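Printed here is protein_26.txt (compact mmCIF, C-alpha atoms):
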# COMPACT_ATOMS: atom_id res chain seq x y z
CA MET A 1 -11.78 -20.40 -9.54
CA THR A 2 -9.85 -17.89 -11.65
CA ASP A 3 -6.11 -18.55 -11.74
CA PHE A 4 -5.27 -15.46 -9.70
CA HIS A 5 -1.83 -14.43 -8.45
CA ALA A 6 -1.25 -11.53 -6.05
CA ILE A 7 1.62 -9.04 -6.28
CA ILE A 8 2.57 -7.20 -3.08
CA PRO A 9 4.95 -4.25 -3.55
CA ALA A 10 6.75 -3.85 -0.22
CA GLY A 11 8.80 -0.69 -0.12
CA GLY A 12 8.95 2.80 1.32
CA ALA A 13 9.95 3.99 4.77
CA GLY A 14 6.54 5.14 6.04
CA THR A 15 8.16 8.22 7.54
CA ARG A 16 4.86 9.74 8.75
CA LEU A 17 4.95 6.98 11.39
CA TRP A 18 8.54 7.64 12.43
CA PRO A 19 10.11 6.41 14.67
CA LEU A 20 7.87 3.31 14.63
CA SER A 21 8.56 3.06 10.89
CA ARG A 22 12.00 3.77 9.45
CA GLN A 23 14.09 3.02 6.40
CA SER A 24 15.76 0.20 8.33
CA ALA A 25 12.46 -1.15 9.72
CA PRO A 26 9.52 0.06 7.58
CA LYS A 27 5.92 -0.21 8.74
CA PHE A 28 5.07 -3.22 6.59
CA LEU A 29 7.51 -5.27 8.72
CA THR A 30 5.97 -3.98 11.97
CA ASP A 31 3.04 -5.02 14.15
CA LEU A 32 1.61 -1.56 14.75
CA THR A 33 -1.66 -2.59 16.37
CA GLY A 34 -0.73 -5.58 18.52
CA ALA A 35 -2.57 -8.01 16.25
CA GLY A 36 0.16 -10.60 16.64
CA ARG A 37 1.29 -10.24 13.04
CA THR A 38 2.99 -7.55 11.00
CA LEU A 39 1.15 -5.60 8.31
CA LEU A 40 2.87 -7.70 5.63
CA GLN A 41 1.88 -10.95 7.36
CA ALA A 42 -1.69 -9.69 7.64
CA THR A 43 -1.71 -8.88 3.91
CA ILE A 44 -0.54 -12.37 2.93
CA HIS A 45 -3.02 -13.97 5.34
CA ARG A 46 -5.86 -11.87 3.88
CA LEU A 47 -5.00 -12.81 0.29
CA SER A 48 -4.48 -16.53 0.87
CA PRO A 49 -8.17 -17.54 0.44
CA VAL A 50 -8.44 -15.87 -2.99
CA ALA A 51 -4.94 -15.99 -4.51
CA LYS A 52 -3.16 -19.05 -5.85
CA SER A 53 0.19 -17.46 -4.99
CA CYS A 54 1.62 -14.27 -3.50
CA LEU A 55 4.70 -12.58 -4.90
CA VAL A 56 6.28 -9.92 -2.68
CA VAL A 57 8.41 -7.36 -4.53
CA THR A 58 10.89 -5.69 -2.21
CA GLY A 59 14.36 -4.15 -2.11
CA SER A 60 17.54 -5.98 -1.21
CA ALA A 61 17.68 -4.26 2.20
CA HIS A 62 14.47 -6.00 3.34
CA ALA A 63 14.51 -9.23 1.33
CA VAL A 64 15.79 -11.41 4.18
CA ALA A 65 13.27 -10.02 6.69
CA VAL A 66 10.43 -10.47 4.19
CA GLY A 67 11.45 -14.08 3.55
CA GLU A 68 11.56 -14.79 7.27
CA GLN A 69 8.18 -13.18 7.96
CA VAL A 70 6.26 -14.75 5.05
CA PRO A 71 8.05 -17.96 4.03
CA GLN A 72 4.89 -19.12 2.23
CA ALA A 73 5.23 -16.27 -0.31
CA ASP A 74 7.62 -15.89 -3.22
CA VAL A 75 10.04 -12.97 -2.94
CA MET A 76 11.25 -10.92 -5.90
CA VAL A 77 14.16 -8.61 -5.13
CA GLU A 78 13.72 -5.43 -7.13
CA PRO A 79 17.11 -4.47 -8.61
CA SER A 80 16.56 -0.82 -7.63
CA ALA A 81 13.57 1.41 -6.99
CA ARG A 82 11.66 2.37 -10.14
CA GLY A 83 8.26 3.19 -8.64
CA THR A 84 5.18 0.99 -8.48
CA MET A 85 4.90 0.64 -12.25
CA GLY A 86 8.33 -0.93 -12.55
CA ALA A 87 7.77 -3.29 -9.63
CA ILE A 88 4.26 -4.36 -10.64
CA GLY A 89 5.06 -4.51 -14.34
CA LEU A 90 8.08 -6.74 -13.83
CA ALA A 91 6.20 -9.00 -11.41
CA ALA A 92 3.26 -9.32 -13.83
CA ALA A 93 5.60 -10.14 -16.72
CA VAL A 94 7.45 -12.78 -14.69
CA LEU A 95 4.17 -14.35 -13.56
CA GLN A 96 3.02 -14.43 -17.18
CA GLN A 97 6.23 -16.24 -18.13
CA ARG A 98 5.69 -18.77 -15.36
CA TYR A 99 1.95 -19.42 -15.54
CA GLY A 100 0.61 -18.01 -18.79
CA ASP A 101 -2.05 -15.31 -19.12
CA VAL A 102 -3.24 -15.43 -15.50
CA VAL A 103 -5.05 -12.67 -13.62
CA VAL A 104 -2.73 -10.64 -11.40
CA GLY A 105 -3.53 -8.10 -8.73
CA SER A 106 -1.40 -5.61 -6.81
CA PHE A 107 -2.04 -4.89 -3.13
CA ALA A 108 -0.06 -2.71 -0.73
CA ALA A 109 1.93 -4.53 1.94
CA ASP A 110 1.15 -2.02 4.68
CA HIS A 111 -2.62 -1.42 4.70
CA LEU A 112 -5.23 -2.68 7.17
CA ILE A 113 -8.62 -4.18 6.32
CA ARG A 114 -10.98 -5.04 9.16
CA ASP A 115 -13.71 -6.85 7.20
CA GLU A 116 -11.86 -9.58 5.32
CA ASP A 117 -15.07 -11.23 4.08
CA ALA A 118 -16.03 -7.97 2.35
CA PHE A 119 -12.52 -7.78 0.88
CA HIS A 120 -12.81 -11.31 -0.50
CA ARG A 121 -16.20 -10.52 -2.07
CA ALA A 122 -14.75 -7.40 -3.70
CA VAL A 123 -11.76 -9.31 -5.09
CA ARG A 124 -14.01 -12.03 -6.56
CA SER A 125 -16.17 -9.37 -8.23
CA ALA A 126 -13.02 -7.69 -9.56
CA LEU A 127 -11.84 -11.01 -11.00
CA GLU A 128 -15.04 -11.27 -13.05
CA ALA A 129 -14.52 -7.82 -14.55
CA ALA A 130 -10.84 -8.56 -15.16
CA GLU A 131 -11.74 -11.69 -17.13
CA ASN A 132 -13.75 -9.38 -19.42
CA GLY A 133 -10.63 -7.40 -20.30
CA TYR A 134 -10.70 -4.50 -17.82
CA VAL A 135 -8.08 -3.20 -15.46
CA VAL A 136 -10.10 -3.23 -12.25
CA THR A 137 -9.57 -1.28 -9.05
CA ILE A 138 -11.30 -1.72 -5.70
CA GLY A 139 -12.68 1.65 -4.60
CA ILE A 140 -13.31 2.37 -0.93
CA THR A 141 -16.72 3.87 -0.20
CA PRO A 142 -15.84 7.11 1.66
CA ASP A 143 -17.35 7.82 5.07
CA GLU A 144 -15.92 11.33 5.40
CA PRO A 145 -14.66 14.10 3.09
CA SER A 146 -11.02 13.09 3.47
CA THR A 147 -8.27 15.14 1.85
CA ALA A 148 -5.67 12.41 2.49
CA TYR A 149 -6.56 10.18 -0.47
CA GLY A 150 -6.94 10.36 -4.21
CA TYR A 151 -10.41 9.62 -5.58
CA ILE A 152 -11.94 7.49 -8.32
CA ARG A 153 -14.90 8.92 -10.23
CA ALA A 154 -17.29 6.17 -11.29
CA ALA A 155 -20.00 6.17 -13.95
CA ALA A 156 -22.40 3.54 -15.24
CA ALA A 157 -22.80 0.13 -13.65
CA MET A 158 -21.25 -2.85 -15.44
CA GLY A 159 -23.08 -5.91 -14.16
CA GLU A 160 -23.92 -6.48 -10.52
CA SER A 161 -20.81 -5.13 -8.81
CA ALA A 162 -18.48 -3.19 -11.10
CA GLN A 163 -18.82 0.33 -12.48
CA SER A 164 -16.91 1.99 -15.27
CA VAL A 165 -14.33 4.59 -14.24
CA LEU A 166 -14.45 8.08 -15.68
CA ALA A 167 -11.32 9.44 -14.06
CA PHE A 168 -8.81 9.29 -11.23
CA VAL A 169 -8.46 12.59 -9.39
CA GLU A 170 -5.78 13.92 -7.06
CA LYS A 171 -6.20 14.58 -3.36
CA PRO A 172 -8.84 17.35 -3.09
CA ASP A 173 -9.30 20.23 -0.70
CA VAL A 174 -12.01 19.96 1.97
CA GLU A 175 -14.68 21.76 -0.07
CA THR A 176 -14.10 19.54 -3.10
CA ALA A 177 -13.98 16.37 -0.98
CA THR A 178 -17.30 17.35 0.58
CA ARG A 179 -18.85 17.61 -2.90
CA TYR A 180 -17.39 14.25 -3.84
CA LEU A 181 -18.92 12.62 -0.76
CA ALA A 182 -22.35 14.18 -1.38
CA SER A 183 -22.45 13.09 -5.04
CA GLY A 184 -22.03 9.38 -4.33
CA GLU A 185 -19.96 9.11 -7.53
CA TYR A 186 -16.52 9.02 -5.95
CA PHE A 187 -14.51 6.40 -4.09
CA TRP A 188 -11.17 6.49 -2.31
CA ASN A 189 -8.29 5.15 -4.36
CA ALA A 190 -6.65 2.41 -2.27
CA GLY A 191 -4.15 1.51 -4.99
CA MET A 192 -5.50 -2.00 -5.67
CA PHE A 193 -5.39 -3.05 -9.34
CA ILE A 194 -6.50 -6.39 -10.82
CA ALA A 195 -6.20 -7.45 -14.48
CA LYS A 196 -5.15 -10.20 -16.80
CA ALA A 197 -1.38 -10.06 -17.14
CA SER A 198 -1.75 -9.54 -20.89
CA VAL A 199 -4.17 -6.63 -20.42
CA LEU A 200 -1.89 -4.91 -17.92
CA LEU A 201 1.21 -5.35 -20.04
CA GLN A 202 -0.55 -4.35 -23.27
CA ALA A 203 -1.66 -1.14 -21.58
CA LEU A 204 1.94 -0.50 -20.56
CA GLU A 205 3.05 -1.13 -24.13
CA HIS A 206 0.36 1.24 -25.39
CA PHE A 207 1.18 4.14 -23.10
CA HIS A 208 4.86 3.54 -22.24
CA PRO A 209 6.64 1.27 -24.73
CA GLU A 210 9.95 2.54 -23.38
CA MET A 211 9.10 0.66 -20.16
CA ALA A 212 7.20 -2.31 -21.57
CA ARG A 213 9.91 -3.62 -23.86
CA PRO A 214 12.78 -3.72 -21.31
CA ILE A 215 10.44 -5.27 -18.73
CA ASP A 216 9.40 -7.97 -21.21
CA GLU A 217 13.01 -8.84 -22.05
CA LEU A 218 14.02 -8.90 -18.39
CA ALA A 219 11.07 -11.13 -17.48
CA LYS A 220 12.13 -13.67 -20.12
CA ALA A 221 15.55 -13.89 -18.48
CA TRP A 222 14.41 -13.66 -14.84
CA ASP A 223 14.27 -17.39 -14.09
CA THR A 224 17.43 -18.18 -16.07
CA PRO A 225 21.16 -17.81 -15.45
CA GLU A 226 21.01 -14.66 -17.60
CA ARG A 227 19.13 -12.63 -14.95
CA THR A 228 22.13 -10.58 -13.72
CA ALA A 229 23.20 -9.60 -17.23
CA ALA A 230 19.60 -8.78 -18.15
CA ILE A 231 19.21 -6.54 -15.11
CA GLU A 232 22.27 -4.55 -16.14
CA ARG A 233 21.02 -4.30 -19.71
CA TYR A 234 17.32 -3.58 -19.21
CA TRP A 235 16.63 -2.32 -15.70
CA GLU A 236 19.18 0.34 -14.90
CA ASP A 237 17.86 2.80 -17.52
CA LEU A 238 14.18 2.05 -16.87
CA PRO A 239 12.22 5.25 -16.10
CA ALA A 240 10.59 5.58 -12.68
CA ALA A 241 6.78 5.74 -12.76
CA VAL A 242 3.72 5.00 -10.65
CA ILE A 243 1.00 2.70 -11.95
CA ASP A 244 -1.78 5.25 -11.41
CA ARG A 245 -0.32 7.79 -13.81
CA ALA A 246 1.37 5.35 -16.16
CA ILE A 247 -1.66 3.12 -16.83
CA ALA A 248 -4.77 3.74 -14.72
CA GLU A 249 -5.39 7.40 -15.55
CA PRO A 250 -4.91 7.29 -19.33
CA LEU A 251 -6.66 3.92 -19.64
CA ALA A 252 -9.68 5.23 -17.72
CA ALA A 253 -9.96 8.02 -20.29
CA GLU A 254 -10.25 5.32 -22.96
CA GLY A 255 -12.92 3.36 -21.04
CA GLY A 256 -10.66 0.49 -20.03
CA VAL A 257 -10.90 0.70 -16.23
CA ALA A 258 -13.62 -0.57 -13.89
CA VAL A 259 -14.11 -0.11 -10.16
CA VAL A 260 -15.69 -2.41 -7.59
CA PRO A 261 -16.94 -0.31 -4.65
CA ALA A 262 -16.41 -1.83 -1.20
CA GLU A 263 -16.91 -1.07 2.46
CA MET A 264 -14.40 -3.19 4.34
CA GLY A 265 -12.85 -1.16 7.14
CA TRP A 266 -9.84 -0.14 5.03
CA SER A 267 -7.03 2.11 6.28
CA ASP A 268 -3.66 2.91 4.76
CA VAL A 269 -2.34 3.55 8.30
CA GLY A 270 -0.48 6.44 6.76
CA ASP A 271 0.09 8.61 9.83
CA TYR A 272 -0.54 8.79 13.58
CA SER A 273 -4.05 10.11 13.12
CA SER A 274 -5.09 7.13 10.99
CA LEU A 275 -3.20 4.76 13.30
CA ALA A 276 -5.18 6.05 16.30
CA ALA A 277 -8.39 5.57 14.33
CA VAL A 278 -7.79 1.83 13.94
CA ILE A 279 -6.88 1.24 17.59
CA ALA A 280 -9.88 0.28 19.70
CA PRO A 281 -11.09 3.21 21.86
CA ALA A 282 -10.85 1.03 24.97
CA GLU A 283 -7.17 0.49 24.25
CA LEU A 284 -6.56 4.19 23.65
CA SER A 285 -8.23 5.08 26.93
CA HIS A 286 -5.54 3.12 28.73
CA GLY A 287 -2.89 5.05 26.84
CA VAL A 288 -0.84 2.06 25.72
CA VAL A 289 -1.07 0.77 22.18
CA PRO A 290 -0.71 -3.02 21.87
CA GLY A 291 2.84 -3.81 20.86
CA GLY A 292 4.34 -1.31 23.29
CA GLU A 293 6.42 -2.58 26.17
CA PRO A 294 4.47 -3.27 29.41
CA GLN A 295 5.41 -0.05 31.14
CA ARG A 296 3.07 1.98 33.33
CA THR A 297 1.45 5.04 31.79
CA PHE A 298 -0.47 7.82 33.46
CA ILE A 299 -2.93 9.70 31.27
CA SER A 300 -4.78 12.75 32.57
CA ASP A 301 -7.12 15.05 30.64
CA SER A 302 -5.68 13.75 27.38
CA PRO A 303 -8.44 11.90 25.49
CA GLY A 304 -7.27 9.72 22.63
CA ALA A 305 -3.63 9.75 23.71
CA LEU A 306 -1.57 7.29 21.67
CA VAL A 307 1.41 6.00 23.62
CA TYR A 308 4.08 3.45 22.70
CA ALA A 309 5.91 2.93 25.96
CA GLY A 310 9.52 1.83 26.05
CA SER A 311 11.83 1.41 29.03
CA LYS A 312 10.20 3.75 31.53
CA PRO A 313 6.76 4.98 32.67
CA ILE A 314 5.19 7.76 30.60
CA VAL A 315 2.98 10.53 31.96
CA VAL A 316 0.74 12.64 29.69
CA ALA A 317 -1.32 15.50 31.14
CA GLY A 318 -3.59 17.98 29.37
CA VAL A 319 -2.65 17.07 25.80
CA PRO A 320 -5.69 15.79 23.85
CA GLY A 321 -4.72 13.59 20.93
CA ALA A 322 -1.16 13.27 22.18
CA VAL A 323 1.30 10.93 20.49
CA VAL A 324 4.27 9.72 22.52
CA VAL A 325 6.72 7.13 21.20
CA GLU A 326 9.72 6.01 23.21
CA ALA A 327 12.17 4.06 21.08
CA ALA A 328 15.60 2.80 22.05
CA ASP A 329 17.34 5.81 20.50
CA VAL A 330 14.78 8.62 20.56
CA ILE A 331 11.65 9.96 22.26
CA PHE A 332 9.10 11.46 19.91
CA VAL A 333 6.20 13.68 20.99
CA THR A 334 3.51 15.22 18.79
CA GLN A 335 -0.26 15.49 18.42
CA GLN A 336 -2.46 13.63 15.98
CA SER A 337 -3.56 16.98 14.54
CA ALA A 338 0.07 17.50 13.41
CA ALA A 339 0.30 14.07 11.78
CA GLN A 340 1.18 15.45 8.34
CA GLU A 341 4.17 17.36 9.75
CA VAL A 342 6.07 14.24 10.81
CA LYS A 343 7.56 13.55 7.38
CA ARG A 344 8.93 17.10 7.15
CA ILE A 345 10.65 16.73 10.51
CA VAL A 346 12.15 13.38 9.58
CA ASP A 347 13.38 14.74 6.26
CA GLY A 348 15.29 17.35 8.24
CA LEU A 349 17.16 14.87 10.44
CA ASP A 350 20.07 14.61 8.03
CA ASP A 351 20.48 18.39 8.01
CA ALA A 352 20.60 18.30 11.81
CA GLY A 353 23.26 15.59 11.82
CA LEU A 354 20.79 12.99 13.09
CA GLY A 355 20.56 10.83 9.99
CA TYR A 356 21.47 7.77 12.05
CA LEU A 357 17.96 7.87 13.49
CA HIS A 358 16.55 6.83 10.12

Now, as a test, write the supplied structure out as structure tokens.
Amino acid sequence: MTDFHAIIPAGGAGTRLWPLSRQSAPKFLTDLTGAGRTLLQATIHRLSPVAKSCLVVTGSAHAVAVGEQVPQADVMVEPSARGTMGAIGLAAAVLQQRYGDVVVGSFAADHLIRDEDAFHRAVRSALEAAENGYVVTIGITPDEPSTAYGYIRAAAAMGESAQSVLAFVEKPDVETATRYLASGEYFWNAGMFIAKASVLLQALEHFHPEMARPIDELAKAWDTPERTAAIERYWEDLPAAVIDRAIAEPLAAEGGVAVVPAEMGWSDVGDYSSLAAVIAPAELSHGVVPGGEPQRTFISDSPGALVYAGSKPIVVAGVPGAVVVEAADVIFVTQQSAAQEVKRIVDGLDDAGLGYLH
């Protein structure tokens, strides 16, 4: 089997799922669906059959919780946030120092995948393409014209499973997304990237040498007593960047990116609408999402109501698609149709003097 090591960036507050997800307790540390494990634990469990090791990259605020939740994984504490390119680039460079020119892959800590067998097949196909020198992404076959995701435009087939990538495109409007779906040439971008460490880091050197060189020097010092001094010297001035724009987009234009299409029940669980979509309808009909406290709820004429009960009974009447969350310090009420508005409201808490709710 290919010597494959997984990188799991674990950051962000997931504010579209506030107050279930907060800066102090982000969604990757939370069991949102009552599965008996957090999203991070589910990610590590899903990767274990295909990855020789898992390296979680997180901030100092969550390092202890991450270590407690997934003691089988290595934990890298990111000195400060520099975007996904900094986190993944440093992790890849450190893994290269430790194990040589292995294949590495980055996977979000807070996504859900229902069909793990399909995921494993896609990863194994991606490993084959990565061994041939490509940066490989796993593209999700769309089942609706979603405007919530970026898209990957694919071209000619490369072997049995992979296709070459023509371009990465931003989140489209409904009309454009409908055309994408009808063409069969586009896949949702789930942010999964797999490549040899050398290929990934050479691409970074090619497009952003101002990032590649400090990351290389820091990686050399990471497992030595010189780490703290190297962080001060090389990390603090590192530009912030995301891997899609820093590497994937320009490399695709040069023919260096491949995509493995997959149908695997993927969701980024990015807001209350997508959260409701991954909860079984039978559970929604009872109004209580698994993981909520065992309080009584009364749901009337409110199909699809999503309720996280807290310390008291909750009654919902005549509000289709309702979302009700009772936390220890706040009660939050919205509708799934307003899912994209949650972040704006949360961003305004500081202005209202309610920043402590973060």

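Excluding Arg46 (chain A) and any residue on its chain fewer than 5 positions from it, the residues at most 10 Å away by all atoms listed in the file are Leu40, Gln41, Ala51, Leu112, Ile113, Asp115, Glu116, Asp117, Phe119 and His120 of chain A.
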
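Distances from A:Val269, A:Ser106, A:Trp18, A:His45 to Ile331 (chain A) were compared using only C-alpha atoms, and the smallest one belongs to A:Trp18.
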
| field | Shell of 10 Å around Glu128 (chain A), all atoms listed in the file, local chain residues under 5 positions omitted, as a PyMOL selection string | value | chain A and resi 2+123+133-134+136+159+161-162+195

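Neighbourhood of point (0.7, 15.5, 15.2): residues with an atom at most 9 Å away, counting all atoms listed in the file, are A:Asp271, A:Tyr272, A:Ser273, A:Gly321, A:Ala322, A:Val323, A:Val333, A:Thr334, A:Gln335, A:Gln336, A:Ser337, A:Ala338, A:Ala339, A:Gln340, A:Glu341, A:Val342.
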
Please provide the set of residues having any atom within 9 Å of Ala197 (chain A), restricted to all atoms listed in the file, with same-chain residues fewer than 5 positions apart removed, written as a tab-separated table (two decimals) with C-alpha atoms, keeping the file's coordinate frame.
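The resulting result.tsv:
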chain	number	residue	atom	x	y	z
A	89	GLY	CA	5.06	-4.51	-14.34
A	92	ALA	CA	3.26	-9.32	-13.83
A	93	ALA	CA	5.60	-10.14	-16.72
A	95	LEU	CA	4.17	-14.35	-13.56
A	96	GLN	CA	3.02	-14.43	-17.18
A	100	GLY	CA	0.61	-18.01	-18.79
A	101	ASP	CA	-2.05	-15.31	-19.12
A	102	VAL	CA	-3.24	-15.43	-15.50
A	103	VAL	CA	-5.05	-12.67	-13.62
A	104	VAL	CA	-2.73	-10.64	-11.40
A	105	GLY	CA	-3.53	-8.10	-8.73
A	202	GLN	CA	-0.55	-4.35	-23.27

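Across the model, the gap from CA of Asp350 (chain A) to CA of Pro19 (chain A) is 14.5 Å.
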
Give, as lines of an AutoDock Vina configuration file, the centre coordinates and the x, y and z edge lengths in Å to one decimal for an axis-aligned box around all listed atoms of region 119-126 of chain A, padded by 8 Å on each side.
center_x = -14.0
center_y = -9.7
center_z = -4.3
size_x = 20.4
size_y = 20.6
size_z = 26.4

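Every protein, DNA or RNA residue with an atom at most 9 Å from Val316 (chain A), where only C-alpha atoms count and chain neighbours fewer than 5 positions away do not, is listed here: Gly287, Thr297, Phe298, Ile299, Ser300, Asp301, Ser302, Ala305, Ala322 and Val324 of chain A.
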
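Counting all atoms listed in the file and comparing A:Ala327, A:Val66, A:Ala248, A:Ile194, the residue that lies closest to Ala129 (chain A) is A:Ile194.
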
| query | How far is it from CA of Tyr180 (chain A) to CA of Ser125 (chain A), in Å with one decimal? | reply | 24.1 Å

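You can rank A:Ala87, A:Asp347, A:Ala61, A:Leu47 by their closest distance to Arg121 (chain A) using only C-alpha atoms, and at the top of that list sits A:Leu47.
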
Expected answer as a tab-separated table (two decimals) with C-alpha atoms, in the coordinates of the input: all residues with atoms within 7 Å of (14.7, 3.5, 9.5), only C-alpha atoms:
chain	number	residue	atom	x	y	z
A	13	ALA	CA	9.95	3.99	4.77
A	21	SER	CA	8.56	3.06	10.89
A	22	ARG	CA	12.00	3.77	9.45
A	23	GLN	CA	14.09	3.02	6.40
A	24	SER	CA	15.76	0.20	8.33
A	25	ALA	CA	12.46	-1.15	9.72
A	26	PRO	CA	9.52	0.06	7.58
A	357	LEU	CA	17.96	7.87	13.49
A	358	HIS	CA	16.55	6.83	10.12

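Here CA of Pro214 (chain A) is placed at a distance of 9.9 Å from CA of Glu236 (chain A).
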
| message | I need the residue nearest Ala148 (chain A) from this list: A:Leu354, A:Leu39, A:Ala167, A:Ala177. Use all atoms listed in the file for the distance. | response | A:Ala177

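With all atoms listed in the file as the atoms that count, the residue of A:Thr224, A:Gln69, A:Thr84, A:Thr176 with the shortest distance to Arg245 (chain A) is A:Thr84.
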
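Using all atoms listed in the file for every distance, the candidate list A:Pro142, A:Glu217, A:Thr15, A:Glu170 yields A:Thr15 as the residue closest to Gly348 (chain A).
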
With the input short on atoms, add N, CA and C atoms back to region 19-39 of chain A and write it as a PDB file, in the coordinates of the input.
ATOM      1  N   PRO A  19       9.038   7.386  14.840  1.00  0.00           N
ATOM      2  CA  PRO A  19      10.110   6.410  14.670  1.00  0.00           C
ATOM      3  C   PRO A  19       9.655   4.950  14.708  1.00  0.00           C
ATOM      4  N   LEU A  20       8.341   4.691  14.701  1.00  0.00           N
ATOM      5  CA  LEU A  20       7.870   3.310  14.630  1.00  0.00           C
ATOM      6  C   LEU A  20       8.223   2.687  13.283  1.00  0.00           C
ATOM      7  N   SER A  21       8.213   3.515  12.231  1.00  0.00           N
ATOM      8  CA  SER A  21       8.560   3.060  10.890  1.00  0.00           C
ATOM      9  C   SER A  21       9.761   3.845  10.401  1.00  0.00           C
ATOM     10  N   ARG A  22      10.765   3.131   9.904  1.00  0.00           N
ATOM     11  CA  ARG A  22      12.000   3.770   9.450  1.00  0.00           C
ATOM     12  C   ARG A  22      12.489   3.078   8.181  1.00  0.00           C
ATOM     13  N   GLN A  23      13.502   3.654   7.572  1.00  0.00           N
ATOM     14  CA  GLN A  23      14.090   3.020   6.400  1.00  0.00           C
ATOM     15  C   GLN A  23      14.609   1.636   6.741  1.00  0.00           C
ATOM     16  N   SER A  24      15.187   1.487   7.918  1.00  0.00           N
ATOM     17  CA  SER A  24      15.760   0.200   8.330  1.00  0.00           C
ATOM     18  C   SER A  24      14.699  -0.788   8.793  1.00  0.00           C
ATOM     19  N   ALA A  25      13.547  -0.293   9.220  1.00  0.00           N
ATOM     20  CA  ALA A  25      12.460  -1.150   9.720  1.00  0.00           C
ATOM     21  C   ALA A  25      11.129  -0.516   9.341  1.00  0.00           C
ATOM     22  N   PRO A  26      10.731  -0.609   8.053  1.00  0.00           N
ATOM     23  CA  PRO A  26       9.520   0.060   7.580  1.00  0.00           C
ATOM     24  C   PRO A  26       8.260  -0.555   8.167  1.00  0.00           C
ATOM     25  N   LYS A  27       7.150   0.180   8.045  1.00  0.00           N
ATOM     26  CA  LYS A  27       5.920  -0.210   8.740  1.00  0.00           C
ATOM     27  C   LYS A  27       5.366  -1.546   8.285  1.00  0.00           C
ATOM     28  N   PHE A  28       5.630  -1.953   7.034  1.00  0.00           N
ATOM     29  CA  PHE A  28       5.070  -3.220   6.590  1.00  0.00           C
ATOM     30  C   PHE A  28       5.693  -4.413   7.322  1.00  0.00           C
ATOM     31  N   LEU A  29       6.859  -4.218   7.943  1.00  0.00           N
ATOM     32  CA  LEU A  29       7.510  -5.270   8.720  1.00  0.00           C
ATOM     33  C   LEU A  29       7.196  -5.173  10.210  1.00  0.00           C
ATOM     34  N   THR A  30       6.246  -4.291  10.568  1.00  0.00           N
ATOM     35  CA  THR A  30       5.970  -3.980  11.970  1.00  0.00           C
ATOM     36  C   THR A  30       4.548  -4.338  12.350  1.00  0.00           C
ATOM     37  N   ASP A  31       4.377  -4.808  13.580  1.00  0.00           N
ATOM     38  CA  ASP A  31       3.040  -5.020  14.150  1.00  0.00           C
ATOM     39  C   ASP A  31       2.653  -3.740  14.875  1.00  0.00           C
ATOM     40  N   LEU A  32       1.939  -2.865  14.190  1.00  0.00           N
ATOM     41  CA  LEU A  32       1.610  -1.560  14.750  1.00  0.00           C
ATOM     42  C   LEU A  32       0.441  -1.593  15.715  1.00  0.00           C
ATOM     43  N   THR A  33      -0.406  -2.595  15.612  1.00  0.00           N
ATOM     44  CA  THR A  33      -1.660  -2.590  16.370  1.00  0.00           C
ATOM     45  C   THR A  33      -1.746  -3.706  17.404  1.00  0.00           C
ATOM     46  N   GLY A  34      -0.685  -4.498  17.554  1.00  0.00           N
ATOM     47  CA  GLY A  34      -0.730  -5.580  18.520  1.00  0.00           C
ATOM     48  C   GLY A  34      -1.585  -6.746  18.080  1.00  0.00           C
ATOM     49  N   ALA A  35      -1.737  -6.920  16.774  1.00  0.00           N
ATOM     50  CA  ALA A  35      -2.570  -8.010  16.250  1.00  0.00           C
ATOM     51  C   ALA A  35      -1.872  -9.353  16.308  1.00  0.00           C
ATOM     52  N   GLY A  36      -0.584  -9.354  16.620  1.00  0.00           N
ATOM     53  CA  GLY A  36       0.160 -10.600  16.640  1.00  0.00           C
ATOM     54  C   GLY A  36       0.805 -10.938  15.321  1.00  0.00           C
ATOM     55  N   ARG A  37       0.641 -10.066  14.328  1.00  0.00           N
ATOM     56  CA  ARG A  37       1.290 -10.240  13.040  1.00  0.00           C
ATOM     57  C   ARG A  37       1.610  -8.869  12.460  1.00  0.00           C
ATOM     58  N   THR A  38       2.639  -8.808  11.632  1.00  0.00           N
ATOM     59  CA  THR A  38       2.990  -7.550  11.000  1.00  0.00           C
ATOM     60  C   THR A  38       1.985  -7.216   9.910  1.00  0.00           C
ATOM     61  N   LEU A  39       2.060  -5.985   9.387  1.00  0.00           N
ATOM     62  CA  LEU A  39       1.150  -5.600   8.310  1.00  0.00           C
ATOM     63  C   LEU A  39       1.358  -6.464   7.071  1.00  0.00           C
TER      64      LEU A  39
END
